[in-house]
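S.K.: Supplied in structure tokens, the structure appears directly below.
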Amino acid sequence: MSHFYFKGPQNVRLIKTKYRCIRTEIPVARSMKTFQDLGRYEARSMHGQLPVVWDRAEDFQVFDAWGNKWIDFTSTIFVTNTGHANPRIVEALRKGLEGKLLHTYTFAHEARVKFLKKLHAITPRFCEKAFLLSAGTEATECCVKLMRLYGLSRSPKKVGIVSFKGSMHGRTLGAEMLRGDPEGSRWIGYADPNVHPLPFPYPWSTSPGKCPDWRAYFRRDMAALAQRGITGDKISGFLIESYQGWGAIFYPKDYIHELVHFARRHDILVAFDEIQGGFARTGKMFAYEHYGVEPDLLCLGKGLSGSLPLSAVIGRKKILDLPGVGSMSSTHSANPLCCAAGLANLEEIQAKRLVSVAARKGKILHEELKRLMKKYPQMISAIMGKGMLAAILVTDPKTGEPGDLLASRICESAMQKGVLTVHTGRESIKIGPPLTIPDRALREGIAVLDECFAEAERKYV
């Protein structure tokens with residue numbers, strides 16, 4: 001159902017504005033061979049995004065080879081926070097290529113030192129050391145290892161990891177187990193008995209009209225674990241996706257405060273997965289800062305480099321230095337080009353003051369989206385997110401159920417009008433433009449979504 005839009009070229013209204021240009025059928029007829037070749041040579045699990053063949057991307061716009069131009073509301077899933085092909089990053093990569101140092105494994109190089117110093121300078125005081133990797137899922141796996149090593153240093157039975165159902169921590173084996181999705185992880189063949197996913201505290205988790213006591217909600221969840229013999233002395237760490245990815249849904253603040261209080265009482269580490277939410281995306285340098293707590297570890301990725309594969313686990317020295325010398329490494333850890341891109345990216349975030357920029361532009365984004373929710377109450381049930389991160393939760397107006405098919409249709413319609421959104425395949429439309437997008441382009445993109453919902457209302461309501 002989520003792939004319904006792969007139905008070949010469609011004649012659409014031609015569009016020409018300052019920020020958008022649609023001058024062909026969409027998808028482009030001449031792009032079909034590319035999709036056919038991908039279908040022939042590539043596993044289908046790589047497919048499912050909107051049928052646009054990217055030729056280049058600059059700042060907040062995406063271009064194909066046939067003269068079409070889109071406003072990008074995806075940032076390639078929150079990677080290009082500082083803009084596509086950011087000039088500072090491009091220049092750093094150019095210098096790196098001219099220097100002819102493309103790979104070193106874990107041998108030392110200056111770009112690595114400069115990047116680590118900058119990362120240390122812009123992160124909270126508890127982030128004393130870092131471990132560099134290439135993908136977010138590596139970072140979460142590394143984080144689990146570090147938490148368990150810490151737990152084992154306290155007690156042989158302190159190996160449990162508490163995560164949350166529905167969270168996204170990556171695609172590798174351990175990361176998949178953290179999601180608490182028995183059907184989705186059945187391919188693994190077994191369940192780690194020391195991974196304990198709790199139910200996510202959705203806003204709709206309690207009775208309508210009641211003001212929930214989220215601290216009590218957390219205590220109830222931990223009491224349920226205790227009944228199964230999983231007590232604080234058997235838990236090494238909490239791994240928390242700073243917001244639930246599919247819907248940009250943040251935890252209740254009181255829930256997180258109670259969790260951290262419990263962790264401190266029982267000598268349990270607290271780690272936030274900031275891979276989607278970090279580096280100014282939510283109007284804070286890191287999304288966890290909205291909760292007003294201090295964790296022990298952070299998992300970083302995506303917006304860390306703004307371009308090339310780079311991830312990290314950062315946190316307290318006593319935890320990062322638990323593994324012995326040479327006992328943890330990754331083939332592309334601290335790659336010279338990735339470190340050069342990462343350094344330029346962090347410098348750009350500081351120079352352009354993108355944390356405050358995201359907070360200001362985020363107010364525009366959320367005010368406009370809430371206006372849409374008031375305008376289309378039968379189709380939009382909620383607007384989630386913070387800063388320059390948002391999700392529109394879509395309802396099927398005929399059934400009142402989650403509207404996954406309608407959400408996909410809205411994404412398709414927006415694509416045909418020159419705006420790219422994050423197609424999740426379920427009842428959410430995620431929005432996360434590069435933080436560099438001009439206010440007018442941001443408003444224009446939201447106006448396009450307004451048109452899409454208006455058309456859907458005429459068809460389906």
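Going through the structure tokens in order, the chains are called A, B, and so on, while each chain numbers its residues from 1 and the ligands are numbered from 1 in the order shown.
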Compile a residue-level contact table for stretch 64-89 of chain A against stretch 345-368 of chain A at a cut-off of 8 Å, reporting for every qualifying residue the shortest atom pair and its distance in Å to one decimal, with only C-alpha atoms counted, rows ordered by chain and ascending number, as JSON lines.
M.R.:
{"residue": "A:Thr82", "atom": "CA", "partner": "A:Ile349", "partner_atom": "CA", "distance": 6.7}
{"residue": "A:Arg88", "atom": "CA", "partner": "A:Glu348", "partner_atom": "CA", "distance": 7.1}
{"residue": "A:Ile89", "atom": "CA", "partner": "A:Asn345", "partner_atom": "CA", "distance": 6.2}
S.K.: Please provide the set of residues having any atom within 9 Å of A:Gly174, restricted to only C-alpha atoms, with same-chain residues fewer than 2 positions apart removed, written as a VMD selection string.
M.R.: chain A and resid 137 140 to 141 144 169 to 172 176 to 178 192
S.K.: Set the distance at 9 Å and use only C-alpha atoms: which residues neighbour A:Arg56 once local chain neighbours fewer than 5 positions away are removed? I'd like the list as a list in words.
M.R.: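 Skipping anything fewer than 5 positions along the chain leaves Gln61, Val62, Phe63, Asp64, Ala65, His84 and Ala85 of chain A.
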S.K.: Just the selected residues (C-alpha atoms), exported as a PDB file, in the first residue's frame, please.
M.R.:
ATOM      1  CA  GLN A  61      16.393  22.517  -3.091  1.00  0.00           C
ATOM      2  CA  VAL A  62      16.584  19.289  -5.082  1.00  0.00           C
ATOM      3  CA  PHE A  63      16.979  19.202  -8.875  1.00  0.00           C
ATOM      4  CA  ASP A  64      16.547  16.440 -11.438  1.00  0.00           C
ATOM      5  CA  ALA A  65      18.163  16.274 -14.883  1.00  0.00           C
ATOM      6  CA  HIS A  84      22.724  20.453   0.747  1.00  0.00           C
ATOM      7  CA  ALA A  85      26.253  20.852  -0.642  1.00  0.00           C
TER       8      ALA A  85
END
S.K.: For atom CA of A:Ser333 and atom CA of A:Phe286, determine how far apart the two atoms are, in Å to one decimal place.
M.R.: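 Those two atoms sit 22.3 Å apart.
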S.K.: For a test of reading the model, state the distance in Å between atom CA of A:Ile256 and atom CA of A:Ser311, rounded to one decimal.
M.R.: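 Answer for the atom CA of A:Ile256 to atom CA of A:Ser311 separation: 24.6 Å.
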S.K.: Determine, counting only C-alpha atoms, which protein, DNA and RNA residues have an atom within 12 Å of an atom of A:Val461; residues of the same chain fewer than 3 positions away are not included. Present the result as a list in words.
M.R.: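 Here the answer would be Tyr376, Pro377, Gln378, Met379, Thr395, Asp396, Pro397, Lys398, Thr399, Gly400, Leu406, Phe453, Ala454, Glu455, Ala456, Glu457 and Arg458 of chain A.
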S.K.: Which residues come within 6 Å of A:Lys129, counting only C-alpha atoms, excluding same-chain residues fewer than 5 positions away, as a PyMOL selection string?
M.R.: chain A and resi 314-315+317
S.K.: Among stretch 250-460 of chain A, which ones does DSSP assign to strand (DSSP E) (computed from the backbone)? Answer as a PyMOL selection string.
M.R.: chain A and resi 250+269-273+297-300+311-315+380-384+390-394+419-420+422-423+428-431
S.K.: So that I have them on file, write out the residues from the current selection with C-alpha atoms, as a PDB file, in the first residue's frame.
M.R.:
ATOM      1  CA  PHE A 250       8.483  13.495  22.313  1.00  0.00           C
ATOM      2  CA  LEU A 269      23.325   4.678  32.689  1.00  0.00           C
ATOM      3  CA  VAL A 270      21.053   6.919  30.620  1.00  0.00           C
ATOM      4  CA  ALA A 271      21.741   7.243  26.892  1.00  0.00           C
ATOM      5  CA  PHE A 272      19.860   9.271  24.297  1.00  0.00           C
ATOM      6  CA  ASP A 273      19.821   8.309  20.641  1.00  0.00           C
ATOM      7  CA  LEU A 297      25.947   8.940  26.738  1.00  0.00           C
ATOM      8  CA  LEU A 298      24.727  10.309  23.404  1.00  0.00           C
ATOM      9  CA  CYS A 299      24.495   8.471  20.080  1.00  0.00           C
ATOM     10  CA  LEU A 300      25.136  10.832  17.159  1.00  0.00           C
ATOM     11  CA  SER A 311      28.513   8.736  13.613  1.00  0.00           C
ATOM     12  CA  ALA A 312      29.706   8.771  17.190  1.00  0.00           C
ATOM     13  CA  VAL A 313      29.063   7.813  20.773  1.00  0.00           C
ATOM     14  CA  ILE A 314      30.074  10.564  23.177  1.00  0.00           C
ATOM     15  CA  GLY A 315      29.879  10.753  26.947  1.00  0.00           C
ATOM     16  CA  ILE A 380      -5.216  15.897  10.619  1.00  0.00           C
ATOM     17  CA  SER A 381      -5.369  14.517  14.148  1.00  0.00           C
ATOM     18  CA  ALA A 382      -2.173  16.055  15.539  1.00  0.00           C
ATOM     19  CA  ILE A 383       0.960  18.048  14.779  1.00  0.00           C
ATOM     20  CA  MET A 384       4.028  16.672  16.538  1.00  0.00           C
ATOM     21  CA  ALA A 390       7.370  18.182  12.522  1.00  0.00           C
ATOM     22  CA  ALA A 391       5.030  15.332  11.764  1.00  0.00           C
ATOM     23  CA  ILE A 392       1.463  15.584  10.529  1.00  0.00           C
ATOM     24  CA  LEU A 393      -0.552  12.664  11.878  1.00  0.00           C
ATOM     25  CA  VAL A 394      -3.185  11.813   9.280  1.00  0.00           C
ATOM     26  CA  VAL A 419       7.711  19.761  -2.486  1.00  0.00           C
ATOM     27  CA  LEU A 420       9.455  16.645  -1.143  1.00  0.00           C
ATOM     28  CA  VAL A 422       9.386  12.293   4.272  1.00  0.00           C
ATOM     29  CA  HIS A 423       7.135   9.417   3.238  1.00  0.00           C
ATOM     30  CA  SER A 428       2.527  10.341   9.382  1.00  0.00           C
ATOM     31  CA  ILE A 429       4.046  12.886   7.040  1.00  0.00           C
ATOM     32  CA  LYS A 430       7.382  14.044   8.425  1.00  0.00           C
ATOM     33  CA  ILE A 431       8.811  17.450   7.692  1.00  0.00           C
TER      34      ILE A 431
END
S.K.: Hey, what's within 9 Å of A:Arg179 if we count only C-alpha atoms and toss same-chain stuff fewer than 2 positions away? As a list in words, please?
M.R.: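 Close residues of A:Arg179: Ser163, Phe164, Lys165, Gly166, Ser167, Met168, His169, Ala175, Glu176, Met177, Asp181, Pro182, Gly184, Ser185 and Pro197 of chain A.
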S.K.: Print the selection's residues with N, CA and C atoms to a file, as an mmCIF file, in the first residue's frame.
M.R.:
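Produced file out_7.cif, reproduced below:
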data_model
loop_
_atom_site.group_PDB
_atom_site.id
_atom_site.type_symbol
_atom_site.label_atom_id
_atom_site.label_comp_id
_atom_site.auth_asym_id
_atom_site.auth_seq_id
_atom_site.Cartn_x
_atom_site.Cartn_y
_atom_site.Cartn_z
ATOM 1 N N SER A 163 14.693 -0.328 26.609
ATOM 2 C CA SER A 163 14.440 0.526 25.453
ATOM 3 C C SER A 163 12.932 0.755 25.371
ATOM 4 N N PHE A 164 12.452 1.252 24.226
ATOM 5 C CA PHE A 164 11.033 1.562 24.099
ATOM 6 C C PHE A 164 10.477 1.022 22.780
ATOM 7 N N LYS A 165 9.323 0.407 22.879
ATOM 8 C CA LYS A 165 8.701 -0.210 21.707
ATOM 9 C C LYS A 165 8.417 0.836 20.624
ATOM 10 N N GLY A 166 8.743 0.471 19.398
ATOM 11 C CA GLY A 166 8.475 1.349 18.271
ATOM 12 C C GLY A 166 9.586 2.318 17.958
ATOM 13 N N SER A 167 10.595 2.396 18.822
ATOM 14 C CA SER A 167 11.703 3.305 18.550
ATOM 15 C C SER A 167 12.569 2.751 17.422
ATOM 16 N N MET A 168 13.268 3.637 16.750
ATOM 17 C CA MET A 168 14.132 3.257 15.638
ATOM 18 C C MET A 168 15.572 3.535 16.015
ATOM 19 N N HIS A 169 16.359 2.476 16.156
ATOM 20 C CA HIS A 169 17.763 2.624 16.521
ATOM 21 C C HIS A 169 18.705 2.093 15.450
ATOM 22 N N ALA A 175 20.301 -3.470 17.206
ATOM 23 C CA ALA A 175 19.418 -2.313 17.085
ATOM 24 C C ALA A 175 17.986 -2.744 16.818
ATOM 25 N N GLU A 176 17.808 -3.773 16.021
ATOM 26 C CA GLU A 176 16.461 -4.280 15.736
ATOM 27 C C GLU A 176 15.816 -4.846 16.992
ATOM 28 N N MET A 177 16.595 -5.513 17.821
ATOM 29 C CA MET A 177 16.044 -6.085 19.056
ATOM 30 C C MET A 177 15.529 -5.003 19.993
ATOM 31 N N ASP A 181 9.784 -5.264 18.604
ATOM 32 C CA ASP A 181 8.833 -5.670 17.566
ATOM 33 C C ASP A 181 9.067 -7.138 17.243
ATOM 34 N N PRO A 182 8.388 -8.064 17.940
ATOM 35 C CA PRO A 182 8.649 -9.489 17.747
ATOM 36 C C PRO A 182 8.463 -9.949 16.305
ATOM 37 N N GLY A 184 8.656 -8.057 13.483
ATOM 38 C CA GLY A 184 9.679 -7.471 12.630
ATOM 39 C C GLY A 184 11.069 -8.041 12.849
ATOM 40 N N SER A 185 11.339 -8.574 14.038
ATOM 41 C CA SER A 185 12.670 -9.129 14.323
ATOM 42 C C SER A 185 12.652 -10.659 14.386
ATOM 43 N N PRO A 197 12.052 -3.907 26.217
ATOM 44 C CA PRO A 197 11.372 -2.727 25.665
ATOM 45 C C PRO A 197 10.092 -2.398 26.447
#
S.K.: What is the atom CA of A:Ala92-atom CA of A:Leu435 distance in Å, reported with one decimal?
M.R.: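 For atom CA of A:Ala92 relative to atom CA of A:Leu435, the distance reads 20.1 Å.
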S.K.: If you run DSSP on this backbone, which residues of stretch 6-151 of chain A come out as alpha helix (DSSP H), and could you give them as a VMD selection string?
M.R.: chain A and resid 32 to 41 75 to 78 87 to 98 110 to 122 136 to 151
S.K.: Restricting the calculation to only C-alpha atoms, which member of A:Tyr288, A:Ile249, A:Pro193, A:Gly425 is positioned closest to A:Gln49?
M.R.: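 The shortest atom-to-atom distance to A:Gln49 comes from A:Gly425.
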